[in-house]
>>> print(open('structure-v9.cif').read())   # mmCIF, C-alpha atoms
data_my_file
loop_
_atom_site.label_atom_id
_atom_site.label_comp_id
_atom_site.auth_asym_id
_atom_site.auth_seq_id
_atom_site.Cartn_x
_atom_site.Cartn_y
_atom_site.Cartn_z
CA MET A 88 89.33 61.31 91.03
CA SER A 89 88.42 64.59 89.33
CA ASP A 90 90.89 67.47 89.03
CA GLY A 91 88.68 69.58 91.30
CA ALA A 92 88.77 66.95 94.05
CA LEU A 93 92.55 66.56 93.75
CA ILE A 94 93.08 70.31 93.92
CA ASP A 95 90.85 70.53 97.01
CA ARG A 96 92.84 67.75 98.72
CA PHE A 97 96.10 69.51 97.85
CA LEU A 98 94.85 72.81 99.30
CA GLU A 99 93.70 71.05 102.49
CA MET A 100 97.21 69.63 102.90
CA MET A 101 98.83 73.02 102.31
CA ALA A 102 96.62 74.61 104.94
CA ALA A 103 96.87 71.87 107.56
CA GLU A 104 100.50 70.75 107.20
CA ARG A 105 102.31 73.83 105.88
CA GLY A 106 100.22 76.61 107.38
CA ALA A 107 99.70 78.34 104.02
CA SER A 108 97.89 81.67 104.30
CA ARG A 109 94.50 82.32 102.73
CA ASN A 110 96.10 84.48 100.05
CA THR A 111 98.57 81.72 99.17
CA LEU A 112 95.80 79.12 99.03
CA ALA A 113 93.68 81.36 96.81
CA ALA A 114 96.64 81.85 94.43
CA TYR A 115 97.31 78.09 94.23
CA LYS A 116 93.63 77.39 93.64
CA ARG A 117 93.44 79.99 90.88
CA ASP A 118 96.61 78.76 89.12
CA LEU A 119 95.71 75.08 89.32
CA GLU A 120 92.11 75.51 88.20
CA GLN A 121 93.32 77.59 85.25
CA ALA A 122 95.85 74.88 84.37
CA ALA A 123 93.12 72.21 84.58
CA GLU A 124 91.04 74.16 82.07
CA MET A 125 93.93 74.68 79.65
CA VAL A 126 95.63 71.27 79.65
CA ARG A 127 94.42 68.49 77.39
CA GLY A 128 92.50 65.86 79.30
CA SER A 129 92.99 65.65 83.06
CA LEU A 130 95.55 67.79 84.88
CA GLY A 131 96.11 65.00 87.37
CA GLU A 132 97.17 62.68 84.52
CA ALA A 133 99.17 65.27 82.52
CA GLY A 134 102.68 64.44 81.34
CA ALA A 135 105.76 66.59 80.83
CA GLU A 136 104.82 67.43 77.22
CA ASP A 137 101.38 68.59 78.35
CA LEU A 138 102.99 70.86 80.91
CA ARG A 139 105.49 72.24 78.40
CA GLY A 140 102.55 73.21 76.20
CA LEU A 141 100.89 74.79 79.20
CA MET A 142 103.97 76.83 80.06
CA ALA A 143 104.31 77.89 76.42
CA ALA A 144 100.82 79.36 76.70
CA TYR A 145 102.12 81.54 79.53
CA HIS A 146 104.85 83.11 77.36
CA ASP A 147 103.20 86.55 77.45
CA LEU A 148 103.19 86.62 81.26
CA ALA A 149 105.93 88.18 83.34
CA ALA A 150 108.64 85.65 84.17
CA SER A 151 107.78 85.90 87.87
CA SER A 152 104.11 85.04 87.20
CA ALA A 153 105.01 82.05 85.00
CA ALA A 154 107.49 80.88 87.66
CA ARG A 155 104.77 81.09 90.32
CA LYS A 156 102.43 78.97 88.19
CA LEU A 157 105.16 76.38 87.65
CA SER A 158 105.85 76.31 91.39
CA ALA A 159 102.18 75.57 92.03
CA LEU A 160 102.29 72.71 89.53
CA ARG A 161 105.46 71.25 91.04
CA GLN A 162 103.98 71.24 94.53
CA PHE A 163 100.67 69.86 93.27
CA PHE A 164 102.32 66.91 91.50
CA ALA A 165 104.67 66.33 94.44
CA PHE A 166 101.54 65.98 96.57
CA LEU A 167 100.01 63.50 94.11
CA LEU A 168 103.27 61.52 94.17
CA ASP A 169 103.30 61.42 97.98
CA GLU A 170 99.65 60.35 98.03
CA GLY A 171 100.25 57.50 95.56
CA GLU A 172 98.06 59.10 92.92
CA ARG A 173 101.02 59.24 90.51
CA ALA A 174 104.38 57.54 90.09
CA ASP A 175 106.23 60.68 88.99
CA ASN A 176 106.31 64.47 89.11
CA PRO A 177 106.28 65.67 85.47
CA ALA A 178 106.67 69.31 86.51
CA LEU A 179 110.27 68.63 87.58
CA ASP A 180 111.18 68.23 83.89
CA ILE A 181 110.05 71.78 83.11
CA ALA A 182 112.71 74.50 83.12
CA ARG A 183 111.96 77.33 85.50
CA PRO A 184 111.48 80.70 83.76
CA ALA A 185 114.44 82.99 84.34
CA THR A 186 113.54 85.67 86.85
CA ARG A 187 115.37 88.56 88.46
CA ARG A 188 114.49 89.56 91.96
CA PRO A 189 113.45 93.23 91.74
CA LEU A 190 115.52 95.59 93.81
CA PRO A 191 113.52 97.52 96.40
CA ARG A 192 112.75 101.17 95.88
CA ILE A 193 114.70 103.19 98.40
CA LEU A 194 113.77 106.26 100.41
CA THR A 195 116.61 108.53 101.45
CA HIS A 196 117.08 109.63 105.04
CA GLU A 197 116.01 113.10 103.93
CA ASP A 198 112.73 111.75 102.51
CA VAL A 199 111.99 109.96 105.77
CA GLU A 200 112.76 113.10 107.77
CA ARG A 201 110.37 115.12 105.60
CA LEU A 202 107.60 112.56 106.08
CA PHE A 203 108.05 112.53 109.84
CA GLY A 204 108.38 116.30 109.93
CA GLN A 205 105.05 116.73 108.15
CA ALA A 206 103.27 114.07 110.23
CA GLY A 207 104.76 115.47 113.45
CA GLU A 208 103.66 119.00 112.63
CA GLU A 209 100.10 117.84 111.93
CA ALA A 210 99.99 115.78 115.15
CA GLY A 211 101.50 118.55 117.28
CA GLY A 212 99.75 121.14 119.37
CA GLY A 213 97.56 120.86 122.43
CA ALA A 214 94.58 119.06 120.86
CA PRO A 215 95.62 117.40 117.60
CA PRO A 216 92.96 115.58 115.53
CA ALA A 217 92.77 111.82 116.00
CA ASN A 218 93.59 111.15 112.34
CA ALA A 219 96.88 113.08 112.65
CA VAL A 220 97.93 111.15 115.76
CA ARG A 221 97.01 107.88 114.08
CA MET A 222 99.03 108.78 110.96
CA LEU A 223 102.14 109.52 112.97
CA LEU A 224 101.79 106.25 114.90
CA LEU A 225 101.31 104.30 111.66
CA LEU A 226 104.45 105.91 110.28
CA GLU A 227 106.41 105.07 113.43
CA LEU A 228 105.40 101.41 113.18
CA LEU A 229 106.05 101.09 109.44
CA TYR A 230 109.50 102.67 109.53
CA GLY A 231 110.43 101.91 113.14
CA SER A 232 109.27 98.29 113.30
CA GLY A 233 109.37 97.17 109.66
CA LEU A 234 105.85 95.77 109.65
CA ARG A 235 104.03 94.62 106.54
CA ALA A 236 100.93 96.67 105.72
CA SER A 237 98.63 93.72 106.44
CA GLU A 238 100.33 93.10 109.79
CA LEU A 239 100.07 96.75 110.78
CA VAL A 240 96.42 97.43 109.98
CA SER A 241 95.28 94.21 111.67
CA LEU A 242 97.20 94.70 114.93
CA PRO A 243 94.98 93.78 117.90
CA ARG A 244 94.98 96.14 120.88
CA ARG A 245 96.38 93.40 123.08
CA ALA A 246 99.56 93.39 120.95
CA VAL A 247 100.65 96.62 122.66
CA ALA A 248 99.51 95.85 126.20
CA GLY A 249 101.87 95.92 129.17
CA GLY A 250 104.35 98.56 128.02
CA ARG A 251 106.53 96.01 126.20
CA GLU A 252 109.44 97.07 124.02
CA PHE A 253 108.40 94.68 121.26
CA LEU A 254 105.32 93.56 119.35
CA ILE A 255 104.28 89.94 118.86
CA ILE A 256 103.41 89.79 115.16
CA ARG A 257 101.54 87.00 113.43
CA GLY A 258 102.88 87.14 109.89
CA LYS A 259 102.99 85.03 106.74
CA GLY A 260 102.20 81.36 107.19
CA ASP A 261 100.61 82.24 110.55
CA LYS A 262 104.11 82.38 112.08
CA GLU A 263 104.84 84.57 115.07
CA ARG A 264 107.87 86.84 115.46
CA LEU A 265 109.00 89.73 117.62
CA ALA A 266 109.21 93.23 116.13
CA PRO A 267 110.92 96.13 117.90
CA LEU A 268 108.78 98.87 119.42
CA SER A 269 110.79 102.07 119.76
CA ALA A 270 110.45 104.60 122.56
CA ARG A 271 109.02 107.05 120.02
CA ALA A 272 106.37 104.51 118.97
CA ARG A 273 105.48 103.84 122.62
CA ASP A 274 105.05 107.57 123.19
CA MET A 275 102.74 107.79 120.18
CA LEU A 276 100.77 104.81 121.44
CA GLU A 277 100.12 106.66 124.69
CA ARG A 278 98.76 109.57 122.66
CA TRP A 279 96.63 107.33 120.42
CA LEU A 280 95.02 104.96 122.94
CA PRO A 281 92.73 107.64 124.51
CA PHE A 282 91.06 108.05 121.12
CA LEU A 283 89.95 104.40 121.11
CA THR A 284 86.72 103.06 122.52
CA ASP A 285 86.38 99.76 124.36
CA ALA A 286 84.13 98.35 121.64
CA SER A 287 86.80 97.43 119.08
CA PRO A 288 89.53 94.80 119.52
CA TRP A 289 91.69 96.51 116.87
CA LEU A 290 94.45 99.04 117.42
CA PHE A 291 93.38 100.84 114.24
CA PRO A 292 89.61 100.31 114.01
CA SER A 293 87.57 101.45 111.02
CA GLY A 294 83.85 100.85 110.92
CA LYS A 295 83.11 97.30 112.03
CA ALA A 296 86.61 96.04 111.22
CA HIS A 297 90.11 97.48 111.09
CA LEU A 298 91.79 99.99 108.80
CA SER A 299 92.25 98.55 105.31
CA ARG A 300 95.55 98.23 103.46
CA VAL A 301 94.12 100.29 100.61
CA ARG A 302 93.24 103.15 102.95
CA LEU A 303 96.70 102.98 104.57
CA PHE A 304 98.26 103.23 101.11
CA GLN A 305 96.09 106.26 100.28
CA MET A 306 96.89 107.98 103.58
CA LEU A 307 100.64 107.60 103.05
CA ARG A 308 100.50 109.04 99.56
CA GLU A 309 98.39 111.96 100.76
CA LEU A 310 100.96 112.62 103.51
CA ALA A 311 103.81 112.42 100.99
CA ALA A 312 102.10 114.99 98.77
CA ARG A 313 101.70 117.37 101.72
CA ALA A 314 105.41 116.84 102.56
CA GLY A 315 106.47 117.73 99.02
CA ILE A 316 107.49 114.16 98.10
CA ASP A 317 106.38 112.39 94.92
CA PRO A 318 103.41 110.26 96.09
CA ALA A 319 104.31 107.58 93.54
CA ALA A 320 107.54 106.96 95.46
CA ILE A 321 105.75 106.11 98.72
CA SER A 322 103.96 102.98 99.89
CA PRO A 323 103.87 100.89 103.07
CA HIS A 324 106.26 98.42 101.48
CA VAL A 325 108.72 101.18 100.53
CA LEU A 326 108.83 102.24 104.19
CA ARG A 327 109.48 98.63 105.20
CA HIS A 328 112.36 98.60 102.70
CA ALA A 329 113.67 101.84 104.20
CA PHE A 330 113.55 100.28 107.68
CA ALA A 331 115.70 97.36 106.48
CA THR A 332 118.11 99.37 104.34
CA HIS A 333 118.78 102.04 106.94
CA LEU A 334 119.32 99.41 109.65
CA LEU A 335 121.93 97.71 107.47
CA GLU A 336 123.61 101.05 106.85
CA GLY A 337 123.78 101.47 110.62
CA GLY A 338 125.56 98.14 111.06
CA ALA A 339 122.68 95.73 111.78
CA ASP A 340 123.36 92.02 111.52
CA LEU A 341 121.75 90.42 108.46
CA ARG A 342 120.44 87.45 110.43
CA ALA A 343 118.86 89.71 113.04
CA LEU A 344 117.27 91.72 110.23
CA GLN A 345 115.87 88.51 108.75
CA LEU A 346 114.17 87.72 112.06
CA MET A 347 112.75 91.22 112.43
CA LEU A 348 111.35 91.20 108.89
CA GLY A 349 109.92 87.70 109.22
CA HIS A 350 111.69 86.32 106.13
CA ALA A 351 111.68 82.52 105.98
CA ASP A 352 114.80 82.52 103.77
CA ILE A 353 117.79 84.79 104.36
CA ALA A 354 118.19 85.06 100.58
CA THR A 355 115.12 87.31 100.64
CA THR A 356 116.81 89.57 103.18
CA GLU A 357 119.99 89.73 101.12
CA ILE A 358 118.34 91.94 98.49
CA TYR A 359 119.06 94.84 100.85
CA THR A 360 122.82 94.35 100.76
CA HIS A 361 123.07 95.77 97.23
CA VAL A 362 122.64 99.30 98.57
CA ASP A 363 125.36 98.92 101.13
CA SER A 364 128.21 96.98 99.51
CA ARG A 365 130.74 99.75 100.14
CA ARG A 366 129.86 99.83 103.85
CA LEU A 367 130.30 96.05 104.03
CA VAL A 368 133.81 96.31 102.56
CA GLU A 369 134.67 99.03 105.08
CA LEU A 370 133.21 96.86 107.84
CA VAL A 371 135.51 93.95 106.92
CA ASN A 372 138.53 96.26 106.73
CA ARG A 373 137.71 97.72 110.13
CA ARG A 374 136.43 94.69 112.06
CA HIS A 375 138.18 91.62 110.62
CA PRO A 376 141.00 90.34 112.91
CA LEU A 377 143.57 90.55 110.10
CA ALA A 378 142.91 94.28 109.78
CA HIS A 379 144.53 94.80 113.19
CA MET A 380 147.57 92.55 112.73
CA ASP A 381 150.96 93.83 111.65
CA GLY A 382 152.28 92.76 108.26
CA VAL A 383 155.30 93.96 106.31
CA ASP A 384 155.16 94.67 102.57
CA GLY A 385 152.17 92.42 102.11
CA ALA A 386 153.74 89.53 103.99
CA PRO A 387 151.56 87.49 106.36
CA PRO A 388 151.33 88.97 109.85
CA SER A 389 153.79 87.66 112.37
CA HIS A 390 152.66 85.56 115.33
#
>>> encode(input="structure-v9.cif", output="structure tokens")
Amino acid sequence: MSDGALIDRFLEMMAAERGASRNTLAAYKRDLEQAAEMVRGSLGEAGAEDLRGLMAAYHDLAASSAARKLSALRQFFAFLLDEGERADNPALDIARPATRRPLPRILTHEDVERLFGQAGEEAGGGAPPANAVRMLLLLELLYGSGLRASELVSLPRRAVAGGREFLIIRGKGDKERLAPLSARARDMLERWLPFLTDASPWLFPSGKAHLSRVRLFQMLRELAARAGIDPAAISPHVLRHAFATHLLEGGADLRALQLMLGHADIATTEIYTHVDSRRLVELVNRRHPLAHMDGVDGAPPSH
């Protein structure tokens, strides 16, 4: 079977059995087709030495990009092994490029207050423009609910029906989760909904579709500039990071934060703990049972 046919079968499995998103499928397709062009002979018949040569050709790439390509190869050959197309997975013999998870950029509480102050001022008054009301609502949902940009711009109107205190979000891998909807966000929704027509199913319509991620990014940076904040420091993802970091600072449970952010692996959520290690030590000293037991000169507490 040709490499193209094998890749197509692999992508069908990833979509049907693992619920991979379109973006993930497109990335796998791109990486595997590139590998098929670069490897000697057939990718489906490649051995460990062929793959080492392939990875050596990626030496100029960022470690994270090379690691992603190796991950695609490992899953592709695991699929071929499961399907009986091969008797081994040669990609398992390839060392994974060393990567460091980048630490999130952090907004201070003061930065967030300045953003909200500017957006609130523009959306205030008796008859504020629709764009100003929309901007303040977008800000409330990014920072107050921790949504991804793609999740936010594609929210259907039905997601906010019924006065609920949460949103049902369909996130990565087509998985659903609940995201909090603050009282402030509900108030802004009441101000925004009268601007909508019945024609669009989207909460943030734009033309024949919904607001784009690119436009959301531009709007945030324009707001930051008007608030006197460096626009380069602001993005939808930075506000999502601020949501997570500031919740942890306030004492949120890491597992609850994982659920709110929609992280499949809690290790992804743990990147936020680096900004709050001192608070965690204080939390143990204050909340751990041993902190409230009497001990003498370092001796174990009496019972």
>>> resolve_selection(input="structure-v9.cif", expression="the PyMOL selection byres ((chain A and resi 120-129) around 8)", output="count of residues only")
16
>>> closest_residue(input="structure-v9.cif", among="A:Phe163, A:Met142, A:Leu223, A:Ala153", to="Leu112 in chain A", atoms="all atoms listed in the file")
A:Phe163
>>> resolve_selection(input="structure-v9.cif", expression="the PyMOL selection byres ((chain A and resi 284-294) around 7)", output="list in words")
Val240, Ser241, Leu242, Pro243, Arg244, Phe282, Leu283, Lys295, Ala296, His297 and Leu298 of chain A
>>> atom_distance(input="structure-v9.cif", atom1="CA of Asp261 in chain A", atom2="CA of Ser237 in chain A")
12.4 Å
>>> closest_residue(input="structure-v9.cif", among="A:Glu309, A:Leu276, A:Glu136, A:Ala329", to="Leu225 in chain A", atoms="all atoms listed in the file")
A:Leu276
>>> closest_residue(input="structure-v9.cif", among="A:Asp198, A:Ala114, A:Leu93, A:Pro318", to="Glu172 in chain A", atoms="all atoms listed in the file")
A:Leu93
>>> resolve_selection(input="structure-v9.cif", expression="the PyMOL selection byres ((chain A and resi 302-305) around 8)", output="list in words")
Ala236, Val240, Leu298, Ser299, Arg300, Val301, Met306, Leu307, Arg308, Glu309, Ser322 and Pro323 of chain A
>>> write_last_selection(input="structure-v9.cif", atoms="C-alpha atoms", output="CSV table (one decimal), in the frame of the given file")
chain,number,residue,atom,x,y,z
A,236,ALA,CA,100.9,96.7,105.7
A,240,VAL,CA,96.4,97.4,110.0
A,298,LEU,CA,91.8,100.0,108.8
A,299,SER,CA,92.2,98.6,105.3
A,300,ARG,CA,95.6,98.2,103.5
A,301,VAL,CA,94.1,100.3,100.6
A,306,MET,CA,96.9,108.0,103.6
A,307,LEU,CA,100.6,107.6,103.0
A,308,ARG,CA,100.5,109.0,99.6
A,309,GLU,CA,98.4,112.0,100.8
A,322,SER,CA,104.0,103.0,99.9
A,323,PRO,CA,103.9,100.9,103.1
>>> closest_residue(input="structure-v9.cif", among="A:Ala210, A:Ala178, A:Ala103, A:Leu167", to="Ala154 in chain A", atoms="all atoms listed in the file")
A:Ala178
>>> closest_residue(input="structure-v9.cif", among="A:Ala320, A:Arg278, A:Leu234, A:Leu326", to="Gly213 in chain A", atoms="all atoms listed in the file")
A:Arg278
>>> closest_residue(input="structure-v9.cif", among="A:Leu168, A:Leu346, A:Val247, A:Ile316", to="Lys262 in chain A", atoms="all atoms listed in the file")
A:Leu346
>>> residues_near_point(input="structure-v9.cif", point="(106.4, 77.8, 88.1)", cutoff="10 Å", atoms="only C-alpha atoms", output="list in words")
Asp118, Met142, Ala150, Ser151, Ser152, Ala153, Ala154, Arg155, Lys156, Leu157, Ser158, Ala159, Leu160, Arg161, Gln162, Ala178, Leu179, Ile181, Ala182, Arg183 and Pro184 of chain A
>>> build_atoms(input="structure-v9.cif", residues="range 144-155 of chain A", atoms="all heavy atoms", output="compact mmCIF listing (two decimals), in the frame of the given file")
# COMPACT_ATOMS: atom_id res chain seq x y z
N ALA A 144 101.98 78.48 76.77
CA ALA A 144 100.82 79.36 76.70
C ALA A 144 100.96 80.55 77.64
O ALA A 144 100.23 81.53 77.51
CB ALA A 144 99.55 78.58 77.03
N TYR A 145 101.89 80.45 78.57
CA TYR A 145 102.12 81.54 79.53
C TYR A 145 103.23 82.48 79.06
O TYR A 145 103.71 83.31 79.85
CB TYR A 145 102.51 80.97 80.90
CG TYR A 145 101.43 80.17 81.59
CD1 TYR A 145 101.77 79.07 82.40
CD2 TYR A 145 100.09 80.49 81.46
CE1 TYR A 145 100.78 78.35 83.05
CE2 TYR A 145 99.10 79.76 82.11
CZ TYR A 145 99.47 78.69 82.90
OH TYR A 145 98.48 77.96 83.54
N HIS A 146 103.66 82.38 77.79
CA HIS A 146 104.85 83.11 77.36
C HIS A 146 104.67 84.63 77.42
O HIS A 146 105.66 85.37 77.50
CB HIS A 146 105.25 82.69 75.94
CG HIS A 146 104.32 83.20 74.87
ND1 HIS A 146 103.13 82.56 74.59
CD2 HIS A 146 104.41 84.26 74.03
CE1 HIS A 146 102.51 83.22 73.61
NE2 HIS A 146 103.26 84.25 73.25
N ASP A 147 103.43 85.10 77.38
CA ASP A 147 103.20 86.55 77.45
C ASP A 147 103.20 87.09 78.88
O ASP A 147 103.17 88.30 79.08
CB ASP A 147 101.88 86.92 76.77
CG ASP A 147 101.96 86.79 75.25
OD1 ASP A 147 103.07 86.91 74.71
OD2 ASP A 147 100.91 86.55 74.61
N LEU A 148 103.20 86.19 79.86
CA LEU A 148 103.19 86.62 81.26
C LEU A 148 104.58 87.07 81.69
O LEU A 148 105.59 86.70 81.07
CB LEU A 148 102.74 85.47 82.17
CG LEU A 148 101.31 84.96 82.00
CD1 LEU A 148 101.07 83.80 82.98
CD2 LEU A 148 100.30 86.06 82.24
N ALA A 149 104.64 87.85 82.74
CA ALA A 149 105.93 88.18 83.34
C ALA A 149 106.58 86.89 83.83
O ALA A 149 105.91 85.93 84.22
CB ALA A 149 105.73 89.14 84.52
N ALA A 150 107.91 86.86 83.77
CA ALA A 150 108.64 85.65 84.17
C ALA A 150 108.30 85.24 85.60
O ALA A 150 108.20 84.05 85.91
CB ALA A 150 110.14 85.87 84.02
N SER A 151 108.10 86.22 86.47
CA SER A 151 107.78 85.90 87.87
C SER A 151 106.42 85.23 87.98
O SER A 151 106.24 84.31 88.80
CB SER A 151 107.82 87.17 88.71
OG SER A 151 106.92 88.14 88.20
N SER A 152 105.44 85.65 87.16
CA SER A 152 104.11 85.04 87.20
C SER A 152 104.16 83.62 86.67
O SER A 152 103.53 82.70 87.23
CB SER A 152 103.13 85.88 86.38
OG SER A 152 102.98 87.17 86.92
N ALA A 153 104.89 83.41 85.56
CA ALA A 153 105.01 82.05 85.00
C ALA A 153 105.74 81.14 85.99
O ALA A 153 105.37 79.96 86.15
CB ALA A 153 105.76 82.11 83.67
N ALA A 154 106.76 81.68 86.67
CA ALA A 154 107.49 80.88 87.66
C ALA A 154 106.58 80.49 88.82
O ALA A 154 106.67 79.38 89.36
CB ALA A 154 108.70 81.66 88.16
N ARG A 155 105.69 81.40 89.23
CA ARG A 155 104.77 81.09 90.32
C ARG A 155 103.81 79.97 89.91
O ARG A 155 103.52 79.07 90.70
CB ARG A 155 103.97 82.34 90.69
CG ARG A 155 103.12 82.18 91.96
CD ARG A 155 102.04 83.22 92.05
NE ARG A 155 101.00 83.02 91.05
CZ ARG A 155 100.55 83.95 90.23
NH1 ARG A 155 101.07 85.17 90.24
NH2 ARG A 155 99.59 83.67 89.37
